[in-house]
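Undergrad: Got a structure for you, written out below as structure tokens; questions coming shortly.
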Amino acid sequence: MFKSITLGQYYPSDSILHKLDPRVKVIATFGYIISLFLINNFTGYIIAGAFLAVCVGLSKVPLRFILNGMKGILFLLLITVIFNLFLTPGTPVFRFWKLQITMEGIVFASKMAIRLIFLIICSTLMTLTTTPNQLTDALESIGRPLTVLHVPVHEVAMMMSIALRFIPILAEETDKIEKAQMARGADFESGGLIQKIKAMVPLLVPLFISAFRRANDLAMAMEARCYRGGDGRTKMKPLVYEKRDAAAYTIFLAFLAVIIVLRFVPAGRMI
Amino acid sequence: MIFTKKLSHDYLKKDDEGNVIGKVRALDDVNVHVKPGEFVAILGHNGSGKSTFAKHINALLYPTEGTVTVDGMDTTNDNDLWKIRQEAGMIFQNPDNQIIGQVVEEDVGFGPENLGVPTKEIWERVEESLRAVGMYEYRKKSPNHLSGGQKQRVSIAGVIAMHPKCIIMDEPTAMLDPGGRREVIEAAHGLNQVEGITILLITHYMEEAIGADRVIVMDQGKVAMEGTPREVFSHVEELRSLKLDVPEATMLAYKLQKAGLPLPDGILTKEELADALAKTGLFPEMTADKTPAGTADPSADKTSAGTADKSEDQM
């Protein structure tokens, strides 16, 4: 039941995108998502799409892995498109019964759809080319300035990486408990939603108890190995920017500049 | 290396509101001296206080009465706390609950990272410690894909990377299969002999204590017996009254002795038993050709080694 959980859908490869510093990827992904909401004409979307297509090409990740990420939002995408299509007021193009599709509706719905699709593709691409570990390291490094504001950045990153390590262990344990309870006649399949939720109780209570016990053991093991928070700690695998990271930043900034120019300096035909 | 003087520890029993309603004496007047480079096994049944004792050495628990000193440092002195934890590494029972990294090499690097060791040296330490326990080929693997014995060896490597003088192993084999148990015990002996690291092995498997320099038997928070494995295991009746077994060969020798065979006390292994039986002269076929008993054992070892390999392959 929980075996199928795979966290961090990392696709191993040795592409240039995989080799980039994770900080570059996190910041660029974030910047790209913002840029998607800055764009207000189709020229911008074509440029953003081309940029994304080049990144996908460079990543050497098979296209189906990237499209897999879309499955999860298909429903959301459909709803967004349908609502925008039918509920935007403007000049009607097509109508039947009480529903009408307007020109503005078509434009708006397609813009929303493109935005969502690009957003998902770019974040999927980031998780496909970055291991969860690199991701936590990057977030810790990017968030470091926040320690001035007493945000426990190192602690949060440590919690994230411990959580990642324990997910498969707890998934396996859930499986064991589930089988043990089924052997004693627990029924997880039949009944309505409420009954199914109630049936989870004998699964979750032992799981929580065991998780707390593990947490206790782990804390003791970490203390025994001299863990005392982030101060004075060195890194086995420190993040170091290289030439290609600088190049990636430059390219991304150039892209961002083009998007901003397109947004605020109306050029060509605007739709 | 490790001195405990009149060490006592009370666990407080608390009710739901946190008021103390009683106490349980887990350790009672324990005086132990472990010399540098020694391999000491601590035996005892559940609740004998052996784990509580182990946690005192690493300053995870503090004495209620008495003192514990590690390499001359008192564990109650907060200034020495991290130095003590670096010098006296600790291995726990459940391998899953003490591995922090998601990759083997990262987990081994966790200790040195905490000590503030420079990056380049961390890599050197990680390599040397993984080699010391024979896990270097697995450095890029996820700990979740290793067998129990391999995980426990990774934990040991994680402790060695901190360059300890002494390693306390708190029932490191309790959750392992026989193959994994042997891997871990062999790794412990290797470290003791090659690197000269003092080992304190806490266990309830008698067989694991045979190779130790000294055995300490604990019961109800007290040291009940102390001596070389041969001395301790020759007191079969006394051990059984402490709810402890003796190694199988020792038990068999003891029963044969009771049945009237002239065997010496303190037989520990199958080989010793076979030799002693041959020397009695009661089995002429054994003295004529000692191989029957001799070959029986290696072949038995081989089959168990085979199953251990198989279980590794499956992982």
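Letters A, B, ... mark the chains of the structure tokens in the order given; residue numbers begin at 1 per chain; ligand numbers begin at 1, in order shown.
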I need the contact residues of chain B against chain A, so if you could list those with any atom within 10 Å, counting only C-alpha atoms, and return them as a tab-separated table (two decimals) with C-alpha atoms, in the first residue's frame, that would help.

TA:
```
chain	number	residue	atom	x	y	z
B	55	LYS	CA	25.29	5.01	28.69
B	58	ASN	CA	29.39	8.15	26.99
B	59	ALA	CA	27.89	10.73	29.39
B	60	LEU	CA	24.38	10.05	28.08
B	81	LEU	CA	31.53	16.33	27.55
B	82	TRP	CA	32.30	16.46	23.81
B	83	LYS	CA	35.85	15.27	24.30
B	84	ILE	CA	34.50	12.25	26.18
B	85	ARG	CA	31.95	11.51	23.48
B	86	GLN	CA	34.64	11.74	20.83
B	88	ALA	CA	34.37	6.91	23.78
B	89	GLY	CA	32.23	6.14	20.74
B	90	MET	CA	29.01	4.27	21.11
B	91	ILE	CA	27.19	1.71	18.95
B	92	PHE	CA	23.53	1.02	19.67
B	93	GLN	CA	21.27	-1.94	19.15
B	94	ASN	CA	19.10	-0.88	16.24
B	95	PRO	CA	21.22	-0.09	13.17
B	96	ASP	CA	18.36	1.80	11.48
B	97	ASN	CA	17.98	4.24	14.35
B	98	GLN	CA	21.59	5.38	14.43
B	99	ILE	CA	22.32	5.97	10.76
B	100	ILE	CA	21.72	9.61	9.91
B	101	GLY	CA	23.03	9.89	6.36
B	102	GLN	CA	21.18	8.86	3.25
B	103	VAL	CA	24.37	7.58	1.67
B	105	GLU	CA	29.80	7.75	3.14
B	106	GLU	CA	27.73	10.71	4.34
B	108	VAL	CA	30.37	8.02	8.25
B	109	GLY	CA	31.21	11.68	7.72
B	110	PHE	CA	28.56	12.86	10.19
B	111	GLY	CA	30.75	12.47	13.30
B	112	PRO	CA	33.81	14.26	11.88
B	113	GLU	CA	31.50	17.02	10.57
B	114	ASN	CA	30.24	17.54	14.10
B	115	LEU	CA	33.81	17.72	15.39
B	116	GLY	CA	34.62	20.46	12.89
B	117	VAL	CA	37.20	18.43	10.99
B	118	PRO	CA	38.30	20.11	7.70
B	119	THR	CA	36.59	18.78	4.55
B	120	LYS	CA	39.70	17.16	3.07
B	121	GLU	CA	40.44	15.27	6.28
B	122	ILE	CA	36.81	14.12	6.56
B	123	TRP	CA	37.17	12.33	3.24
B	126	VAL	CA	35.72	8.26	5.87
B	142	SER	CA	21.86	3.93	0.50
B	143	PRO	CA	21.87	2.40	4.00
B	144	ASN	CA	18.34	1.13	3.34
B	155	SER	CA	27.67	2.52	12.28
B	158	GLY	CA	30.91	6.20	11.70
B	159	VAL	CA	32.34	5.93	15.19
B	162	MET	CA	35.81	10.23	15.03
```

Undergrad: Could you pull out all residues of stretch 132-257 of chain B with a DSSP call of helix (DSSP H, G or I) and give them as a PyMOL selection string?

TA: chain B and resi 132+136-138+143-145+148-160+178-195+206-209+229-233+236-241+248-257

Undergrad: May I have the residues within 6 Å of stretch 61-78 of chain B as a CSV table (one decimal) with C-alpha atoms, in the first residue's frame, using only C-alpha atoms and disregarding those fewer than 4 positions away in the same chain?

TA:
```csv
chain,number,residue,atom,x,y,z
B,1,MET,CA,40.9,4.0,30.2
B,2,ILE,CA,37.6,3.7,31.9
B,3,PHE,CA,37.2,3.8,35.7
B,4,THR,CA,34.0,3.6,37.6
B,5,LYS,CA,34.1,4.1,41.3
B,6,LYS,CA,31.1,3.2,43.5
B,7,LEU,CA,28.9,4.0,40.5
B,8,SER,CA,25.2,3.9,41.3
B,9,HIS,CA,22.3,5.1,39.2
B,55,LYS,CA,25.3,5.0,28.7
B,56,HIS,CA,27.2,6.3,31.7
```

Undergrad: Report, in Å with one decimal, the straight-line distance from atom CA of A:Phe188 to atom CA of A:Gly72.

TA: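 If I compute the distance from atom CA of A:Phe188 to atom CA of A:Gly72, I get 24.9 Å.
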
Undergrad: Got a sec: who's within 10 Å of B:Gly149, counting only C-alpha atoms, leaving out chain neighbours fewer than 5 positions off, as a list of chain:residue names?

TA: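 Here the answer would be B:Pro95, B:Val154, B:Ser155, B:Pro172, B:Thr173, B:Met175, B:Leu176, B:Asp177, B:Pro178, B:Gly179, B:Gly180, B:Arg181, B:Arg182, B:Glu183, B:Val184, B:Ile185, B:Ala308, B:Glu312.
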
Undergrad: For stretch 95-111 of chain A, find every residue with an atom within 6 Å (counting only C-alpha atoms), except residues of its own chain fewer than 5 positions away, and show them as a list of chain:residue names.

TA: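 Non-adjacent residues within range: A:Val81, A:Asn84, A:Leu85, A:Phe86, A:Thr88, A:Gly90.
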
Undergrad: Let's see if you can do this: from backbone DSSP, list all strand (DSSP E) residues in stretch 31-149 of chain A, as a VMD selection string.

TA: chain A and resid 92 to 96 99 to 102

Undergrad: Take the residues just selected and output them with N, CA and C atoms as an mmCIF file, in the first residue's frame.

TA:
```
data_model
loop_
_atom_site.group_PDB
_atom_site.id
_atom_site.type_symbol
_atom_site.label_atom_id
_atom_site.label_comp_id
_atom_site.auth_asym_id
_atom_site.auth_seq_id
_atom_site.Cartn_x
_atom_site.Cartn_y
_atom_site.Cartn_z
ATOM 1 N N PRO A 92 -18.672 37.281 -27.309
ATOM 2 C CA PRO A 92 -18.912 35.857 -27.471
ATOM 3 C C PRO A 92 -18.484 35.354 -28.850
ATOM 4 N N VAL A 93 -17.926 34.176 -28.868
ATOM 5 C CA VAL A 93 -17.508 33.563 -30.117
ATOM 6 C C VAL A 93 -18.425 32.381 -30.427
ATOM 7 N N PHE A 94 -18.891 31.758 -29.385
ATOM 8 C CA PHE A 94 -19.572 30.492 -29.513
ATOM 9 C C PHE A 94 -20.526 30.361 -28.337
ATOM 10 N N ARG A 95 -21.773 29.964 -28.592
ATOM 11 C CA ARG A 95 -22.670 29.806 -27.463
ATOM 12 C C ARG A 95 -23.661 28.689 -27.696
ATOM 13 N N PHE A 96 -23.997 27.971 -26.638
ATOM 14 C CA PHE A 96 -25.110 27.024 -26.681
ATOM 15 C C PHE A 96 -25.747 26.992 -25.294
ATOM 16 N N LEU A 99 -24.453 28.648 -21.830
ATOM 17 C CA LEU A 99 -23.013 28.815 -21.773
ATOM 18 C C LEU A 99 -22.502 29.560 -22.992
ATOM 19 N N GLN A 100 -21.456 30.343 -22.749
ATOM 20 C CA GLN A 100 -20.843 30.993 -23.897
ATOM 21 C C GLN A 100 -19.332 31.057 -23.732
ATOM 22 N N ILE A 101 -18.675 30.930 -24.853
ATOM 23 C CA ILE A 101 -17.224 31.055 -24.849
ATOM 24 C C ILE A 101 -16.884 32.389 -25.485
ATOM 25 N N THR A 102 -16.016 33.158 -24.786
ATOM 26 C CA THR A 102 -15.676 34.474 -25.320
ATOM 27 C C THR A 102 -14.249 34.463 -25.823
#
```

Undergrad: At a cut-off of 10 Å, using only C-alpha atoms, what residues contact A:Asp187? Leave out same-chain residues fewer than 3 positions from it and give the result as a PDB file with N, CA and C atoms, in the first residue's frame.

TA:
```pdb
ATOM      1  N   GLU A 178       0.491  -3.128   8.999  1.00  0.00           N
ATOM      2  CA  GLU A 178      -0.735  -3.411   8.249  1.00  0.00           C
ATOM      3  C   GLU A 178      -0.953  -4.914   8.139  1.00  0.00           C
ATOM      4  N   GLN A 181      -1.895  -6.393  11.515  1.00  0.00           N
ATOM      5  CA  GLN A 181      -3.291  -6.132  11.891  1.00  0.00           C
ATOM      6  C   GLN A 181      -4.251  -6.927  11.018  1.00  0.00           C
ATOM      7  N   MET A 182      -3.892  -7.103   9.741  1.00  0.00           N
ATOM      8  CA  MET A 182      -4.751  -7.896   8.866  1.00  0.00           C
ATOM      9  C   MET A 182      -4.775  -9.343   9.323  1.00  0.00           C
ATOM     10  N   ALA A 183      -3.626  -9.820   9.817  1.00  0.00           N
ATOM     11  CA  ALA A 183      -3.566 -11.195  10.309  1.00  0.00           C
ATOM     12  C   ALA A 183      -4.479 -11.379  11.507  1.00  0.00           C
ATOM     13  N   ARG A 184      -4.760 -10.284  12.203  1.00  0.00           N
ATOM     14  CA  ARG A 184      -5.667 -10.370  13.358  1.00  0.00           C
ATOM     15  C   ARG A 184      -7.086  -9.959  12.978  1.00  0.00           C
ATOM     16  N   SER A 190     -13.047  -2.642   3.060  1.00  0.00           N
ATOM     17  CA  SER A 190     -14.481  -2.444   2.862  1.00  0.00           C
ATOM     18  C   SER A 190     -14.999  -1.229   3.627  1.00  0.00           C
ATOM     19  N   GLY A 191     -16.255  -0.876   3.363  1.00  0.00           N
ATOM     20  CA  GLY A 191     -16.886   0.244   4.060  1.00  0.00           C
ATOM     21  C   GLY A 191     -16.704   1.549   3.332  1.00  0.00           C
ATOM     22  N   GLN A 195     -15.597   4.789   7.427  1.00  0.00           N
ATOM     23  CA  GLN A 195     -15.181   3.505   7.997  1.00  0.00           C
ATOM     24  C   GLN A 195     -13.713   3.204   7.668  1.00  0.00           C
ATOM     25  N   LYS A 196     -13.343   3.585   6.445  1.00  0.00           N
ATOM     26  CA  LYS A 196     -11.951   3.347   6.047  1.00  0.00           C
ATOM     27  C   LYS A 196     -11.001   4.187   6.895  1.00  0.00           C
ATOM     28  N   ALA A 199     -10.675   2.656  10.191  1.00  0.00           N
ATOM     29  CA  ALA A 199      -9.861   1.442  10.133  1.00  0.00           C
ATOM     30  C   ALA A 199      -8.370   1.767  10.184  1.00  0.00           C
ATOM     31  N   MET A 200      -8.018   3.026   9.884  1.00  0.00           N
ATOM     32  CA  MET A 200      -6.601   3.412   9.893  1.00  0.00           C
ATOM     33  C   MET A 200      -6.056   3.569  11.309  1.00  0.00           C
TER      34      MET A 200
END
```

Undergrad: Report, in Å to a single decimal, how far apart atom CA of B:Asp170 and atom CA of B:Gln220 are.

TA: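 It comes out at 17.3 Å.
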
Undergrad: Between atom CA of A:Glu242 and atom CA of A:Thr130, what is the distance in Å, rounded to a tenth?

TA: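 Computing it gives 16.6 Å between the two atoms.
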
Undergrad: Using only C-alpha atoms, find the one residue out of B:Gly148, B:Gly266, B:Gly18, B:Gly47 that sits nearest to B:Ile210.

TA: B:Gly266

Undergrad: Pick out the closest residue to A:Arg64 from this set: A:Asn40, A:Leu128, A:Ala257, A:Ser123. Count only C-alpha atoms.

TA: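 For A:Arg64, the nearest of the candidates is A:Leu128.
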